[in-house]
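The next block is data.cif, given as mmCIF, C-alpha atoms.
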```
data_structure
#
loop_
_atom_site.group_PDB
_atom_site.id
_atom_site.type_symbol
_atom_site.label_atom_id
_atom_site.label_comp_id
_atom_site.auth_asym_id
_atom_site.auth_seq_id
_atom_site.Cartn_x
_atom_site.Cartn_y
_atom_site.Cartn_z
ATOM 1 C CA MET A 27 -10.733 2.007 -8.300
ATOM 2 C CA THR A 28 -7.786 -0.196 -9.195
ATOM 3 C CA GLU A 29 -4.412 0.928 -10.570
ATOM 4 C CA GLU A 30 -5.424 -0.506 -13.940
ATOM 5 C CA GLU A 31 -8.676 1.474 -13.990
ATOM 6 C CA LEU A 32 -6.810 4.576 -12.913
ATOM 7 C CA LEU A 33 -4.315 4.294 -15.754
ATOM 8 C CA LYS A 34 -7.099 3.699 -18.312
ATOM 9 C CA GLN A 35 -8.777 7.026 -17.568
ATOM 10 C CA PRO A 36 -8.436 9.738 -20.213
ATOM 11 C CA GLU A 37 -5.791 12.453 -19.826
ATOM 12 C CA ASP A 38 -8.414 15.151 -19.269
ATOM 13 C CA ALA A 39 -9.593 13.256 -16.165
ATOM 14 C CA TYR A 40 -6.241 13.930 -14.448
ATOM 15 C CA MET A 41 -6.703 14.423 -10.710
ATOM 16 C CA ASN A 42 -10.480 14.189 -10.868
ATOM 17 C CA GLU A 43 -12.384 13.207 -7.706
ATOM 18 C CA GLN A 44 -11.928 9.474 -8.305
ATOM 19 C CA GLN A 45 -8.187 9.811 -8.771
ATOM 20 C CA GLN A 46 -7.871 12.055 -5.743
ATOM 21 C CA ALA A 47 -9.836 9.522 -3.674
ATOM 22 C CA PHE A 48 -7.589 6.725 -4.960
ATOM 23 C CA PHE A 49 -4.414 8.556 -3.922
ATOM 24 C CA HIS A 50 -5.943 9.625 -0.609
ATOM 25 C CA ASP A 51 -6.676 5.979 0.201
ATOM 26 C CA LEU A 52 -3.226 4.899 -0.988
ATOM 27 C CA LEU A 53 -1.388 7.551 1.034
ATOM 28 C CA THR A 54 -3.538 6.927 4.111
ATOM 29 C CA SER A 55 -2.895 3.180 4.027
ATOM 30 C CA GLN A 56 0.838 3.768 3.518
ATOM 31 C CA ARG A 57 0.796 6.197 6.446
ATOM 32 C CA GLU A 58 -0.923 3.669 8.715
ATOM 33 C CA ALA A 59 1.506 0.891 7.746
ATOM 34 C CA LEU A 60 4.467 3.194 8.308
ATOM 35 C CA ARG A 61 3.150 4.296 11.726
ATOM 36 C CA ALA A 62 2.848 0.622 12.707
ATOM 37 C CA ARG A 63 6.457 -0.050 11.597
ATOM 38 C CA ILE A 64 7.710 3.000 13.501
ATOM 39 C CA ASP A 65 5.857 1.906 16.640
ATOM 40 C CA ALA A 66 7.329 -1.601 16.310
ATOM 41 C CA GLU A 67 10.852 -0.179 15.871
ATOM 42 C CA PHE A 68 10.433 1.979 18.986
ATOM 43 C CA GLY A 69 9.286 -1.121 20.843
ATOM 44 C CA GLU A 70 12.428 -2.963 19.781
ATOM 45 C CA LEU A 71 14.616 -0.063 20.868
ATOM 46 C CA ARG A 72 13.120 -0.160 24.370
ATOM 47 C CA HIS A 73 14.023 -3.831 24.790
ATOM 48 C CA TYR A 74 17.776 -3.606 24.274
ATOM 49 C CA GLU A 75 19.528 -5.007 27.300
ATOM 50 C CA THR A 76 22.819 -3.660 28.525
ATOM 51 C CA SER A 77 25.708 -6.026 28.951
ATOM 52 C CA SER A 78 28.914 -5.809 30.925
ATOM 53 C CA ASP A 79 30.918 -7.334 28.071
ATOM 54 C CA PRO A 80 32.414 -4.450 26.007
ATOM 55 C CA ALA A 81 32.056 -6.440 22.762
ATOM 56 C CA ASP A 82 28.359 -7.026 23.428
ATOM 57 C CA VAL A 83 27.890 -3.366 24.320
ATOM 58 C CA GLY A 84 29.495 -2.331 21.015
ATOM 59 C CA SER A 85 27.395 -4.754 18.981
ATOM 60 C CA THR A 86 24.214 -3.711 20.741
ATOM 61 C CA GLU A 87 25.012 -0.040 20.195
ATOM 62 C CA GLU A 88 25.678 -0.644 16.494
ATOM 63 C CA VAL A 89 22.324 -2.375 16.070
ATOM 64 C CA ARG A 90 20.623 0.376 18.072
ATOM 65 C CA GLN A 91 22.163 3.058 15.839
ATOM 66 C CA SER A 92 20.986 1.144 12.777
ATOM 67 C CA HIS A 93 17.430 1.130 14.166
ATOM 68 C CA LEU A 94 17.670 4.860 14.855
ATOM 69 C CA ARG A 95 18.788 5.566 11.267
ATOM 70 C CA LEU A 96 15.875 3.473 9.991
ATOM 71 C CA LEU A 97 13.482 5.389 12.235
ATOM 72 C CA GLU A 98 14.866 8.678 10.947
ATOM 73 C CA ARG A 99 14.307 7.617 7.313
ATOM 74 C CA GLU A 100 10.809 6.401 8.118
ATOM 75 C CA LYS A 101 10.016 9.650 9.931
ATOM 76 C CA LYS A 102 11.090 11.602 6.836
ATOM 77 C CA LEU A 103 8.832 9.413 4.683
ATOM 78 C CA LEU A 104 5.978 9.956 7.141
ATOM 79 C CA ASP A 105 6.498 13.722 6.802
ATOM 80 C CA LYS A 106 6.400 13.392 2.991
ATOM 81 C CA ILE A 107 3.168 11.389 3.174
ATOM 82 C CA ASP A 108 1.627 14.009 5.473
ATOM 83 C CA HIS A 109 2.734 16.745 3.059
ATOM 84 C CA SER A 110 1.173 14.843 0.150
ATOM 85 C CA LEU A 111 -2.097 14.498 2.061
ATOM 86 C CA GLN A 112 -2.037 18.254 2.712
ATOM 87 C CA LEU A 113 -1.461 18.924 -1.007
ATOM 88 C CA LEU A 114 -4.372 16.613 -1.785
ATOM 89 C CA ALA A 115 -6.633 18.508 0.630
ATOM 90 C CA ARG A 116 -5.692 21.791 -1.083
ATOM 91 C CA GLY A 117 -6.220 20.360 -4.581
ATOM 92 C CA GLU A 118 -2.517 20.729 -5.411
ATOM 93 C CA TYR A 119 -1.560 17.050 -5.381
ATOM 94 C CA GLY A 120 -0.276 15.566 -8.631
ATOM 95 C CA TRP A 121 1.083 18.822 -10.018
ATOM 96 C CA CYS A 122 4.808 19.528 -10.352
ATOM 97 C CA ALA A 123 5.996 22.043 -7.747
ATOM 98 C CA GLU A 124 8.523 23.420 -10.247
ATOM 99 C CA THR A 125 6.610 23.594 -13.521
ATOM 100 C CA GLY A 126 2.936 23.289 -12.558
ATOM 101 C CA GLU A 127 2.573 20.483 -15.099
ATOM 102 C CA PRO A 128 1.007 17.092 -14.237
ATOM 103 C CA ILE A 129 3.430 14.729 -12.504
ATOM 104 C CA GLY A 130 1.711 11.785 -14.156
ATOM 105 C CA LEU A 131 -0.237 8.842 -12.810
ATOM 106 C CA ALA A 132 2.482 6.248 -13.470
ATOM 107 C CA ARG A 133 5.041 8.287 -11.508
ATOM 108 C CA LEU A 134 2.592 8.897 -8.656
ATOM 109 C CA LEU A 135 1.796 5.191 -8.494
ATOM 110 C CA SER A 136 5.481 4.337 -8.172
ATOM 111 C CA ARG A 137 6.227 7.274 -5.823
ATOM 112 C CA PRO A 138 3.021 8.665 -4.303
ATOM 113 C CA THR A 139 4.928 11.397 -2.454
ATOM 114 C CA ALA A 140 6.497 12.831 -5.624
ATOM 115 C CA THR A 141 6.255 16.604 -5.919
ATOM 116 C CA LEU A 142 8.223 16.938 -9.156
ATOM 117 C CA SER A 143 7.588 15.552 -12.617
ATOM 118 C CA PHE A 144 10.096 13.045 -13.937
ATOM 119 C CA GLU A 145 11.756 15.710 -16.088
ATOM 120 C CA ALA A 146 11.968 18.271 -13.256
ATOM 121 C CA LYS A 147 13.391 15.655 -10.886
ATOM 122 C CA GLU A 148 15.949 14.650 -13.495
ATOM 123 C CA ARG A 149 17.024 18.312 -13.894
ATOM 124 C CA GLN A 150 17.286 18.645 -10.115
ATOM 125 C CA GLU A 151 19.483 15.538 -9.850
ATOM 126 C CA ILE A 152 21.775 16.739 -12.662
ATOM 127 C CA ALA A 153 22.161 20.126 -10.953
ATOM 128 C CA GLU A 154 22.939 18.417 -7.620
ATOM 129 C CA LYS A 155 25.533 16.219 -9.310
ATOM 130 C CA HIS A 156 27.221 19.278 -10.828
ATOM 131 C CA ARG A 157 27.287 21.030 -7.428
ATOM 132 C CA ARG A 158 28.892 17.975 -5.794
ATOM 133 C CA GLU A 159 31.553 17.753 -8.496
ATOM 134 C CA ARG A 160 32.763 21.302 -7.875
#
```
Could you render the structure from this file as structure tokens?
Amino acid sequence: MTEEELLKQPEDAYMNEQQQAFFHDLLTSQREALRARIDAEFGELRHYETSSDPADVGSTEEVRQSHLRLLEREKKLLDKIDHSLQLLARGEYGWCAETGEPIGLARLLSRPTATLSFEAKERQEIAEKHRRER
């Protein structure tokens, strides 16, 4: 099934077997690509050479820290993908964790790991903004 075919399905077909299979394949392929990127990043980290020049050491350490931050973000995304696959296996994928309403196919296509509907996410972000402003 293509994205176009997915979006053309009627509303009452939401999260039917075909749609679940589509998102399973999408999440699985994203997971595999992410694992490959993480493995490549770890490979790069292993090949940093130490230098006796303090400027080179500082530059190398800065680049290394940047790689570690990237790996941390990618690990968090990997955890979200795994969580989404677990939700899919339980038949809970595609439903807002806050309201129980459908998240929506368009939102899931743009962010397959979404657990909140657009409206619920917007409310969450507004609440977070208010907490930060205090």
**Report entry** Expansion of the PyMOL selection byres ((chain A and resi 64-74) around 9) into residues, as a count of residues only
**Finding:** 15
Report task. Name the residues in contact with range 43-47 of chain A at a cut-off of 9 Å, using only C-alpha atoms, excluding same-chain residues fewer than 5 positions from it; report them as a PyMOL selection string. Result -> chain A and resi 27+32+52+114+117+119-120+131
Query raised in the report: By how many Å are CA of Glu37 in chain A and CA of Glu145 in chain A apart?
Result: 18.2 Å
Counting all atoms listed in the file, which residues sit no farther than 7 Å from the position (5.1, 14.4, -10.6) in the file's frame? I'd like them as a tab-separated table (two decimals) with C-alpha atoms, in the coordinates of the input.
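File written: out30.tsv
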```tsv
chain	number	residue	atom	x	y	z
A	120	GLY	CA	-0.28	15.57	-8.63
A	121	TRP	CA	1.08	18.82	-10.02
A	122	CYS	CA	4.81	19.53	-10.35
A	128	PRO	CA	1.01	17.09	-14.24
A	129	ILE	CA	3.43	14.73	-12.50
A	130	GLY	CA	1.71	11.78	-14.16
A	133	ARG	CA	5.04	8.29	-11.51
A	134	LEU	CA	2.59	8.90	-8.66
A	140	ALA	CA	6.50	12.83	-5.62
A	141	THR	CA	6.26	16.60	-5.92
A	142	LEU	CA	8.22	16.94	-9.16
A	143	SER	CA	7.59	15.55	-12.62
A	144	PHE	CA	10.10	13.04	-13.94
```
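Restricting the calculation to only C-alpha atoms, the smallest distance between Asp108 in chain A and any of A:Pro138, A:Gly126, A:Pro36, A:Gly84 is found for A:Pro138.
If you measure from each of A:Leu104, A:Lys155, A:Arg149, A:Leu113 to Thr125 in chain A using only C-alpha atoms, the closest one turns out to be A:Arg149.
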As a PDB file, in the frame of the given file, the rebuilt range 124-151 of chain A with N, CA and C atoms:
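File produced: part.pdb:
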```
ATOM      1  N   GLU A 124       7.626  22.551  -9.484  1.00  0.00           N
ATOM      2  CA  GLU A 124       8.523  23.420 -10.247  1.00  0.00           C
ATOM      3  C   GLU A 124       7.852  24.003 -11.480  1.00  0.00           C
ATOM      4  N   THR A 125       7.155  23.161 -12.226  1.00  0.00           N
ATOM      5  CA  THR A 125       6.610  23.594 -13.521  1.00  0.00           C
ATOM      6  C   THR A 125       5.098  23.799 -13.529  1.00  0.00           C
ATOM      7  N   GLY A 126       4.395  23.217 -12.575  1.00  0.00           N
ATOM      8  CA  GLY A 126       2.936  23.289 -12.558  1.00  0.00           C
ATOM      9  C   GLY A 126       2.273  22.294 -13.496  1.00  0.00           C
ATOM     10  N   GLU A 127       3.086  21.502 -14.188  1.00  0.00           N
ATOM     11  CA  GLU A 127       2.573  20.483 -15.099  1.00  0.00           C
ATOM     12  C   GLU A 127       2.176  19.223 -14.324  1.00  0.00           C
ATOM     13  N   PRO A 128       1.348  18.354 -14.906  1.00  0.00           N
ATOM     14  CA  PRO A 128       1.007  17.092 -14.237  1.00  0.00           C
ATOM     15  C   PRO A 128       2.254  16.238 -13.993  1.00  0.00           C
ATOM     16  N   ILE A 129       2.330  15.639 -12.827  1.00  0.00           N
ATOM     17  CA  ILE A 129       3.430  14.729 -12.504  1.00  0.00           C
ATOM     18  C   ILE A 129       3.253  13.429 -13.278  1.00  0.00           C
ATOM     19  N   GLY A 130       2.019  13.007 -13.420  1.00  0.00           N
ATOM     20  CA  GLY A 130       1.711  11.785 -14.156  1.00  0.00           C
ATOM     21  C   GLY A 130       1.304  10.661 -13.223  1.00  0.00           C
ATOM     22  N   LEU A 131       0.302   9.915 -13.648  1.00  0.00           N
ATOM     23  CA  LEU A 131      -0.237   8.842 -12.810  1.00  0.00           C
ATOM     24  C   LEU A 131       0.772   7.724 -12.577  1.00  0.00           C
ATOM     25  N   ALA A 132       1.513   7.335 -13.621  1.00  0.00           N
ATOM     26  CA  ALA A 132       2.482   6.248 -13.470  1.00  0.00           C
ATOM     27  C   ALA A 132       3.539   6.615 -12.429  1.00  0.00           C
ATOM     28  N   ARG A 133       4.039   7.849 -12.484  1.00  0.00           N
ATOM     29  CA  ARG A 133       5.041   8.287 -11.508  1.00  0.00           C
ATOM     30  C   ARG A 133       4.444   8.331 -10.104  1.00  0.00           C
ATOM     31  N   LEU A 134       3.232   8.823  -9.978  1.00  0.00           N
ATOM     32  CA  LEU A 134       2.592   8.897  -8.656  1.00  0.00           C
ATOM     33  C   LEU A 134       2.299   7.505  -8.100  1.00  0.00           C
ATOM     34  N   LEU A 135       2.009   6.560  -8.976  1.00  0.00           N
ATOM     35  CA  LEU A 135       1.796   5.191  -8.494  1.00  0.00           C
ATOM     36  C   LEU A 135       3.097   4.590  -7.963  1.00  0.00           C
ATOM     37  N   SER A 136       4.207   4.896  -8.627  1.00  0.00           N
ATOM     38  CA  SER A 136       5.481   4.337  -8.172  1.00  0.00           C
ATOM     39  C   SER A 136       6.050   5.125  -6.997  1.00  0.00           C
ATOM     40  N   ARG A 137       5.751   6.431  -6.927  1.00  0.00           N
ATOM     41  CA  ARG A 137       6.227   7.274  -5.823  1.00  0.00           C
ATOM     42  C   ARG A 137       5.114   8.258  -5.471  1.00  0.00           C
ATOM     43  N   PRO A 138       4.186   7.825  -4.618  1.00  0.00           N
ATOM     44  CA  PRO A 138       3.021   8.665  -4.303  1.00  0.00           C
ATOM     45  C   PRO A 138       3.353  10.001  -3.638  1.00  0.00           C
ATOM     46  N   THR A 139       4.559  10.139  -3.103  1.00  0.00           N
ATOM     47  CA  THR A 139       4.928  11.397  -2.454  1.00  0.00           C
ATOM     48  C   THR A 139       5.689  12.335  -3.394  1.00  0.00           C
ATOM     49  N   ALA A 140       5.767  11.999  -4.671  1.00  0.00           N
ATOM     50  CA  ALA A 140       6.497  12.831  -5.624  1.00  0.00           C
ATOM     51  C   ALA A 140       5.877  14.219  -5.712  1.00  0.00           C
ATOM     52  N   THR A 141       6.731  15.232  -5.757  1.00  0.00           N
ATOM     53  CA  THR A 141       6.255  16.604  -5.919  1.00  0.00           C
ATOM     54  C   THR A 141       6.793  17.221  -7.204  1.00  0.00           C
ATOM     55  N   LEU A 142       7.649  16.467  -7.904  1.00  0.00           N
ATOM     56  CA  LEU A 142       8.223  16.938  -9.156  1.00  0.00           C
ATOM     57  C   LEU A 142       7.930  15.932 -10.260  1.00  0.00           C
ATOM     58  N   SER A 143       7.736  16.442 -11.467  1.00  0.00           N
ATOM     59  CA  SER A 143       7.588  15.552 -12.617  1.00  0.00           C
ATOM     60  C   SER A 143       8.911  14.836 -12.838  1.00  0.00           C
ATOM     61  N   PHE A 144       8.876  13.800 -13.647  1.00  0.00           N
ATOM     62  CA  PHE A 144      10.096  13.045 -13.937  1.00  0.00           C
ATOM     63  C   PHE A 144      11.170  13.970 -14.501  1.00  0.00           C
ATOM     64  N   GLU A 145      10.798  14.810 -15.442  1.00  0.00           N
ATOM     65  CA  GLU A 145      11.756  15.710 -16.088  1.00  0.00           C
ATOM     66  C   GLU A 145      12.337  16.711 -15.094  1.00  0.00           C
ATOM     67  N   ALA A 146      11.495  17.300 -14.245  1.00  0.00           N
ATOM     68  CA  ALA A 146      11.968  18.271 -13.256  1.00  0.00           C
ATOM     69  C   ALA A 146      12.888  17.596 -12.237  1.00  0.00           C
ATOM     70  N   LYS A 147      12.543  16.389 -11.830  1.00  0.00           N
ATOM     71  CA  LYS A 147      13.391  15.655 -10.886  1.00  0.00           C
ATOM     72  C   LYS A 147      14.736  15.332 -11.514  1.00  0.00           C
ATOM     73  N   GLU A 148      14.711  14.954 -12.776  1.00  0.00           N
ATOM     74  CA  GLU A 148      15.949  14.650 -13.495  1.00  0.00           C
ATOM     75  C   GLU A 148      16.839  15.898 -13.560  1.00  0.00           C
ATOM     76  N   ARG A 149      16.251  17.060 -13.866  1.00  0.00           N
ATOM     77  CA  ARG A 149      17.024  18.312 -13.894  1.00  0.00           C
ATOM     78  C   ARG A 149      17.610  18.625 -12.520  1.00  0.00           C
ATOM     79  N   GLN A 150      16.823  18.396 -11.480  1.00  0.00           N
ATOM     80  CA  GLN A 150      17.286  18.645 -10.115  1.00  0.00           C
ATOM     81  C   GLN A 150      18.476  17.747  -9.772  1.00  0.00           C
ATOM     82  N   GLU A 151      18.398  16.482 -10.141  1.00  0.00           N
ATOM     83  CA  GLU A 151      19.483  15.538  -9.850  1.00  0.00           C
ATOM     84  C   GLU A 151      20.748  15.891 -10.626  1.00  0.00           C
TER      85      GLU A 151
END
```
